[in-house]
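Shown below: entry_14.txt, with compact mmCIF, C-alpha atoms.
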```
# COMPACT_ATOMS: atom_id res chain seq x y z
CA MET A 98 -19.27 69.31 -7.68
CA ASP A 99 -17.89 65.71 -7.82
CA ALA A 100 -15.79 66.44 -4.74
CA VAL A 101 -18.90 67.56 -2.84
CA PHE A 102 -20.85 64.38 -3.59
CA LYS A 103 -17.84 62.20 -2.85
CA ALA A 104 -17.34 63.95 0.48
CA LEU A 105 -21.03 63.61 1.36
CA ALA A 106 -21.12 59.90 0.43
CA ASP A 107 -19.48 58.89 3.71
CA PRO A 108 -21.56 58.64 6.93
CA SER A 109 -18.62 59.64 9.17
CA ARG A 110 -18.12 62.82 7.20
CA ARG A 111 -21.83 63.61 7.31
CA GLU A 112 -21.65 63.09 11.07
CA LEU A 113 -18.78 65.59 11.25
CA LEU A 114 -20.88 68.11 9.31
CA ASP A 115 -23.77 67.48 11.74
CA ARG A 116 -21.44 68.15 14.68
CA LEU A 117 -20.35 71.42 13.13
CA ARG A 118 -23.90 72.35 12.34
CA ALA A 119 -24.78 71.88 16.02
CA ASP A 120 -21.69 73.73 17.22
CA ASN A 121 -19.79 75.67 14.57
CA GLY A 122 -16.13 76.56 14.88
CA GLN A 123 -14.69 73.53 16.67
CA THR A 124 -11.04 72.51 16.92
CA LEU A 125 -9.85 69.06 15.87
CA GLY A 126 -9.55 68.17 19.55
CA GLU A 127 -13.14 69.17 20.31
CA LEU A 128 -14.44 67.18 17.35
CA CYS A 129 -12.43 64.09 18.37
CA ALA A 130 -13.62 64.22 21.97
CA ARG A 131 -17.23 63.61 20.92
CA LEU A 132 -16.70 60.98 18.26
CA ALA A 133 -15.78 57.31 18.26
CA MET A 134 -13.06 57.85 15.68
CA THR A 135 -9.32 58.14 15.94
CA ARG A 136 -7.79 61.58 15.70
CA GLN A 137 -6.09 60.49 12.51
CA ALA A 138 -9.39 59.42 10.91
CA VAL A 139 -11.14 62.65 11.89
CA SER A 140 -8.23 64.67 10.55
CA LYS A 141 -8.37 62.80 7.23
CA HIS A 142 -12.13 63.25 6.91
CA LEU A 143 -11.81 66.96 7.68
CA ALA A 144 -9.15 67.37 4.99
CA LEU A 145 -11.49 65.78 2.44
CA LEU A 146 -14.38 67.97 3.56
CA GLU A 147 -12.18 71.05 3.30
CA GLU A 148 -11.07 70.01 -0.18
CA ALA A 149 -14.74 69.83 -1.18
CA ASN A 150 -15.22 73.29 0.40
CA LEU A 151 -17.84 71.87 2.78
CA VAL A 152 -15.66 72.83 5.71
CA ALA A 153 -13.84 76.15 5.98
CA THR A 154 -11.16 76.81 8.56
CA VAL A 155 -9.80 79.88 10.26
CA ARG A 156 -6.84 80.28 12.58
CA ARG A 157 -7.38 82.05 15.89
CA GLY A 158 -4.09 82.26 17.74
CA ARG A 159 -2.74 78.72 17.91
CA GLU A 160 -6.10 77.12 17.22
CA LYS A 161 -7.54 76.04 13.90
CA LEU A 162 -11.33 76.31 13.96
CA HIS A 163 -13.55 74.31 11.61
CA TYR A 164 -16.78 75.69 10.16
CA LEU A 165 -19.55 74.10 8.15
CA ASN A 166 -19.56 75.94 4.83
CA PRO A 167 -23.05 75.61 3.32
CA VAL A 168 -22.20 77.40 0.07
CA PRO A 169 -21.60 74.28 -2.12
CA ILE A 170 -24.82 72.68 -0.84
CA HIS A 171 -26.66 75.91 -1.59
CA ASP A 172 -25.22 75.82 -5.11
CA ILE A 173 -26.58 72.27 -5.56
CA ALA A 174 -30.02 73.40 -4.39
CA GLU A 175 -29.81 76.44 -6.69
CA ARG A 176 -29.01 74.17 -9.64
CA TRP A 177 -31.78 71.62 -9.23
CA ILE A 178 -34.50 73.33 -7.25
CA GLY A 179 -36.33 75.94 -9.26
CA LYS A 180 -37.41 79.10 -7.52
CA PHE A 181 -41.08 78.26 -8.05
CA GLU A 182 -40.79 74.89 -6.34
CA ARG A 183 -39.13 76.24 -3.24
CA SER A 184 -42.18 77.34 -1.26
CA ARG A 185 -43.98 74.04 -1.91
CA LEU A 186 -40.91 72.04 -0.87
CA GLN A 187 -40.63 74.18 2.25
CA ALA A 188 -44.28 73.46 3.08
CA LEU A 189 -43.68 69.71 2.65
CA SER A 190 -40.53 69.85 4.75
CA ASP A 191 -42.35 71.79 7.52
CA MET A 192 -45.19 69.26 7.48
CA LYS A 193 -42.78 66.31 7.69
CA GLN A 194 -40.98 67.91 10.62
CA ALA A 195 -44.22 68.68 12.46
CA LEU A 196 -45.61 65.16 11.94
CA GLU A 197 -42.40 63.40 12.92
CA LYS A 198 -42.10 65.51 16.04
CA ARG A 199 -45.62 64.60 17.12
CA ASP A 200 -44.98 60.87 16.63
CA GLY A 201 -41.64 60.97 18.43
CA MET B 289 -13.40 89.30 18.82
CA ALA B 290 -14.79 85.99 20.03
CA LYS B 291 -14.68 83.08 17.65
CA PRO B 292 -16.54 83.84 14.42
CA SER B 293 -20.09 82.54 14.09
CA PHE B 294 -19.64 81.49 10.51
CA ILE B 295 -17.28 81.48 7.60
CA TYR B 296 -18.52 81.19 4.06
CA VAL B 297 -16.17 80.29 1.25
CA THR B 298 -16.85 80.23 -2.46
CA TYR B 299 -14.60 79.68 -5.46
CA ILE B 300 -15.24 81.83 -8.52
CA LYS B 301 -13.74 81.65 -12.00
CA THR B 302 -12.64 85.27 -12.24
CA THR B 303 -9.77 87.56 -11.34
CA PRO B 304 -9.23 89.26 -7.95
CA GLU B 305 -9.64 92.64 -9.67
CA LYS B 306 -13.03 91.78 -11.16
CA LEU B 307 -14.23 90.30 -7.89
CA TRP B 308 -13.08 93.39 -6.03
CA MET B 309 -15.00 95.54 -8.46
CA ALA B 310 -18.13 93.43 -7.99
CA LEU B 311 -17.83 93.80 -4.21
CA THR B 312 -17.40 97.58 -4.28
CA ASP B 313 -19.29 98.89 -7.32
CA PRO B 314 -22.92 99.84 -6.48
CA ALA B 315 -24.29 99.11 -9.97
CA LEU B 316 -22.79 95.60 -9.95
CA MET B 317 -23.85 94.97 -6.34
CA LYS B 318 -27.48 95.74 -7.13
CA GLN B 319 -27.46 92.88 -9.63
CA TYR B 320 -26.57 90.14 -7.16
CA TRP B 321 -27.29 91.51 -3.64
CA PHE B 322 -31.10 91.41 -3.42
CA GLY B 323 -31.12 94.69 -5.36
CA MET B 324 -29.28 96.30 -2.45
CA HIS B 325 -25.99 98.16 -2.61
CA GLN B 326 -23.27 99.40 -0.30
CA ARG B 327 -22.67 103.12 -0.24
CA ALA B 328 -19.17 104.08 0.87
CA GLU B 329 -16.01 105.78 -0.10
CA TRP B 330 -13.61 102.84 0.03
CA LYS B 331 -11.04 104.11 2.48
CA ALA B 332 -10.43 103.24 6.13
CA GLY B 333 -12.55 105.31 8.52
CA ALA B 334 -15.16 106.31 5.91
CA PRO B 335 -18.85 105.89 6.75
CA TRP B 336 -20.56 102.85 5.21
CA GLN B 337 -24.20 102.06 4.44
CA LEU B 338 -26.12 99.14 3.00
CA VAL B 339 -29.10 100.54 1.10
CA PHE B 340 -32.40 98.77 0.26
CA PRO B 341 -33.64 98.85 -3.36
CA ASP B 342 -36.17 101.55 -2.37
CA GLY B 343 -33.51 103.77 -0.82
CA ARG B 344 -34.16 102.97 2.85
CA ILE B 345 -31.05 102.30 4.93
CA ALA B 346 -30.67 98.66 6.03
CA ASP B 347 -27.36 98.83 7.86
CA THR B 348 -24.76 101.43 8.72
CA GLY B 349 -21.19 101.37 9.90
CA GLU B 350 -17.66 102.19 8.95
CA VAL B 351 -15.02 100.99 6.53
CA VAL B 352 -12.26 99.53 8.72
CA GLU B 353 -9.73 98.16 6.27
CA VAL B 354 -9.33 98.47 2.50
CA ASP B 355 -6.60 96.57 0.69
CA PRO B 356 -7.61 96.13 -2.97
CA PRO B 357 -7.99 93.57 -4.41
CA LYS B 358 -7.42 91.41 -1.34
CA ARG B 359 -9.17 92.46 1.81
CA LEU B 360 -12.13 94.54 2.93
CA VAL B 361 -13.28 94.90 6.53
CA ILE B 362 -16.51 96.64 7.51
CA LYS B 363 -17.96 97.58 10.91
CA TRP B 364 -21.62 96.77 10.43
CA ARG B 365 -24.77 97.54 12.44
CA ASN B 366 -28.40 96.88 11.59
CA GLU B 367 -30.61 99.99 11.39
CA TRP B 368 -34.11 98.81 10.63
CA LYS B 369 -34.91 96.19 13.27
CA PRO B 370 -34.65 97.58 16.83
CA GLU B 371 -33.73 94.22 18.39
CA LEU B 372 -30.90 93.78 15.88
CA LYS B 373 -29.73 97.37 16.15
CA ALA B 374 -29.51 96.90 19.92
CA GLU B 375 -26.84 94.23 19.41
CA GLY B 376 -24.47 96.93 18.16
CA TYR B 377 -21.65 96.49 15.69
CA SER B 378 -20.62 93.33 13.94
CA ARG B 379 -17.54 92.95 11.80
CA CYS B 380 -17.56 91.64 8.27
CA THR B 381 -14.32 90.56 6.61
CA MET B 382 -14.14 89.80 2.91
CA GLU B 383 -10.96 88.14 1.73
CA ILE B 384 -9.90 87.41 -1.83
CA ILE B 385 -7.15 84.91 -2.58
CA GLN B 386 -6.12 83.87 -6.06
CA ALA B 387 -5.72 80.12 -6.51
CA GLY B 388 -4.54 79.49 -10.06
CA GLU B 389 -7.37 80.11 -12.52
CA ILE B 390 -9.91 80.71 -9.80
CA VAL B 391 -10.38 83.06 -6.90
CA ARG B 392 -11.33 82.10 -3.36
CA LEU B 393 -13.69 84.50 -1.62
CA THR B 394 -14.08 84.17 2.15
CA ILE B 395 -16.75 85.98 4.14
CA ILE B 396 -16.42 86.07 7.91
CA HIS B 397 -19.15 87.90 9.77
CA GLU B 398 -18.67 88.09 13.54
CA ILE B 399 -19.94 89.83 16.64
CA ASP B 400 -18.97 89.77 20.31
CA LYS B 401 -22.24 88.23 21.35
CA PRO B 402 -23.41 84.63 21.70
CA ASP B 403 -26.59 83.65 19.80
CA SER B 404 -26.66 86.93 17.92
CA LYS B 405 -29.87 87.58 15.98
CA LEU B 406 -27.97 89.85 13.61
CA ILE B 407 -25.57 87.03 12.71
CA GLU B 408 -28.54 84.69 12.32
CA ALA B 409 -30.18 87.18 9.97
CA VAL B 410 -27.13 87.80 7.79
CA SER B 411 -26.00 84.16 7.75
CA GLY B 412 -29.15 83.18 5.83
CA GLY B 413 -28.52 85.84 3.22
CA TRP B 414 -24.84 85.30 2.46
CA PRO B 415 -25.06 81.93 0.63
CA LYS B 416 -27.69 83.38 -1.70
CA VAL B 417 -25.68 86.54 -2.32
CA LEU B 418 -22.53 84.49 -2.96
CA ALA B 419 -24.30 82.11 -5.36
CA SER B 420 -25.67 85.05 -7.31
CA LEU B 421 -22.31 86.86 -7.29
CA LYS B 422 -20.62 83.70 -8.61
CA SER B 423 -23.21 83.37 -11.35
CA LEU B 424 -22.84 87.03 -12.33
CA LEU B 425 -19.05 86.81 -12.63
CA GLU B 426 -18.97 83.44 -14.37
CA THR B 427 -21.94 83.74 -16.72
CA GLY B 428 -22.65 87.46 -16.84
CA ALA B 429 -26.09 86.98 -15.28
CA ALA B 430 -27.06 87.06 -11.61
CA LEU B 431 -29.55 84.45 -10.35
CA SER B 432 -33.19 85.25 -11.04
CA GLY B 433 -35.43 85.87 -8.06
CA ILE B 434 -32.56 87.26 -6.00
CA ASP B 435 -34.04 90.75 -6.27
CA GLN B 436 -37.20 89.61 -4.48
CA LEU B 437 -35.64 88.68 -1.18
CA GLY B 438 -34.79 92.09 0.21
CA LYS B 439 -38.36 93.34 0.16
CA ALA B 440 -39.13 92.93 3.85
```
How would this structure read if it were set down as structure tokens?
Amino acid sequence: MDAVFKALADPSRRELLDRLRADNGQTLGELCARLAMTRQAVSKHLALLEEANLVATVRRGREKLHYLNPVPIHDIAERWIGKFERSRLQALSDMKQALEKRDG
Amino acid sequence: MAKPSFIYVTYIKTTPEKLWMALTDPALMKQYWFGMHQRAEWKAGAPWQLVFPDGRIADTGEVVEVDPPKRLVIKWRNEWKPELKAEGYSRCTMEIIQAGEIVRLTIIHEIDKPDSKLIEAVSGGWPKVLASLKSLLETGAALSGIDQLGKA
């Protein structure tokens, strides 16, 4: 679990996860095209994310596709969020989203 | 197949053989899979079903590939929601790779269809199933509350 928190502690890596969340299964090239980071930096961040199991990859032909793997984050939620709290937290989260949307 | 919609990976402290058993044995499945189980003879070409706790059929399909304890591929179609059934067959690949003391389980569920509702539906369920499976194999107990989720 240390690797997960370490990987999540960096804003560039969180941005990469956001990009994959918006469009799962991107190649390194696709990810680089939309980010103000060098290919080398993106590649390094992806390796760290993969080590933490937050990104999973699959080869399709010559391409390596990157996927957001939510399993470790789910495990964190499972560990600290009790099953009885979940519906109340969901209600709070829904309310926050609705209110912020209206203001924006 | 088009590019997969998602890939889920989890690492479990167990052996490939035990994980294979958990993925294919109905009694074990019921403990971690929302009380559901797969009904199939595990050989290529055999019919396959995913069965709700009350005996209704959730999904049907066919066993495509069986290579114990490494790889299982299932052709998978929803049976209980007309709009999902209309999407036709998806393909679910389960892959087990030993990595030292632990085992890496990869789930790839894909369909030749952009914005598939079936994939959306199953993608929400997999992380919960995997967390519960991991807990069962590592501690001997599946996660509580997991049996509640299949009652739709």
| task | Hey, list the chain B side of the contact with chain A: 8 Å cut-off, all atoms listed in the file, answer as a PyMOL selection string. | result | chain B and resi 291-298+415-416+418-419+433
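Minimum distance to Glu329 in chain B across B:Met382, B:Leu360, B:Ala374, B:Val351 (counting only C-alpha atoms) occurs at B:Val351.
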| Distance of CA of Ile396 in chain B from CA of Ser411 in chain B, expressed in Å to one decimal place | 9.8 Å
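Take the candidates B:Pro370, B:Val339, B:Ala332, B:His325 and check each one against Ala310 in chain B using all atoms listed in the file; the shortest distance goes to B:His325.
The gap separating CA of Gly413 in chain B from CA of Leu125 in chain A is 28.1 Å, in Å to one decimal.
Residues lying within 8 Å of His142 in chain A, counting only C-alpha atoms and ignoring same-chain neighbours fewer than 4 positions away, are Ser109, Arg110, Ala138 and Leu146 of chain A.
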| task | Anything within 7 Å of (-11.8, 88.7, -6.4): list those residues as a ChimeraX atom specification, counting only C-alpha atoms and sticking to the file's coordinates. | result | /B:302-308,357,384,391,393
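If only C-alpha atoms are the atoms counted, then among B:Asp347, B:Glu383, B:Glu353, B:Asp400 the closest residue to Ala334 in chain B is B:Glu353.
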| Please, what distance in Å, to one decimal, runs between CA of Glu148 in chain A and CA of Leu105 in chain A? | 11.9 Å
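In this comparison, which uses all atoms listed in the file, the residue of B:Ala387, B:Arg359, B:Arg379, B:Thr348 approaching Leu311 in chain B most closely is B:Arg359.
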Please return the centre and edge lengths, in Å to one decimal, of a box with edges along x, y and z that contains all listed atoms of range 410-422 of chain B, widened by 6 Å on every side, as AutoDock Vina command-line options.
```
--center_x -24.9 --center_y 84.9 --center_z -0.4 --size_x 20.5 --size_y 17.9 --size_z 28.4
```
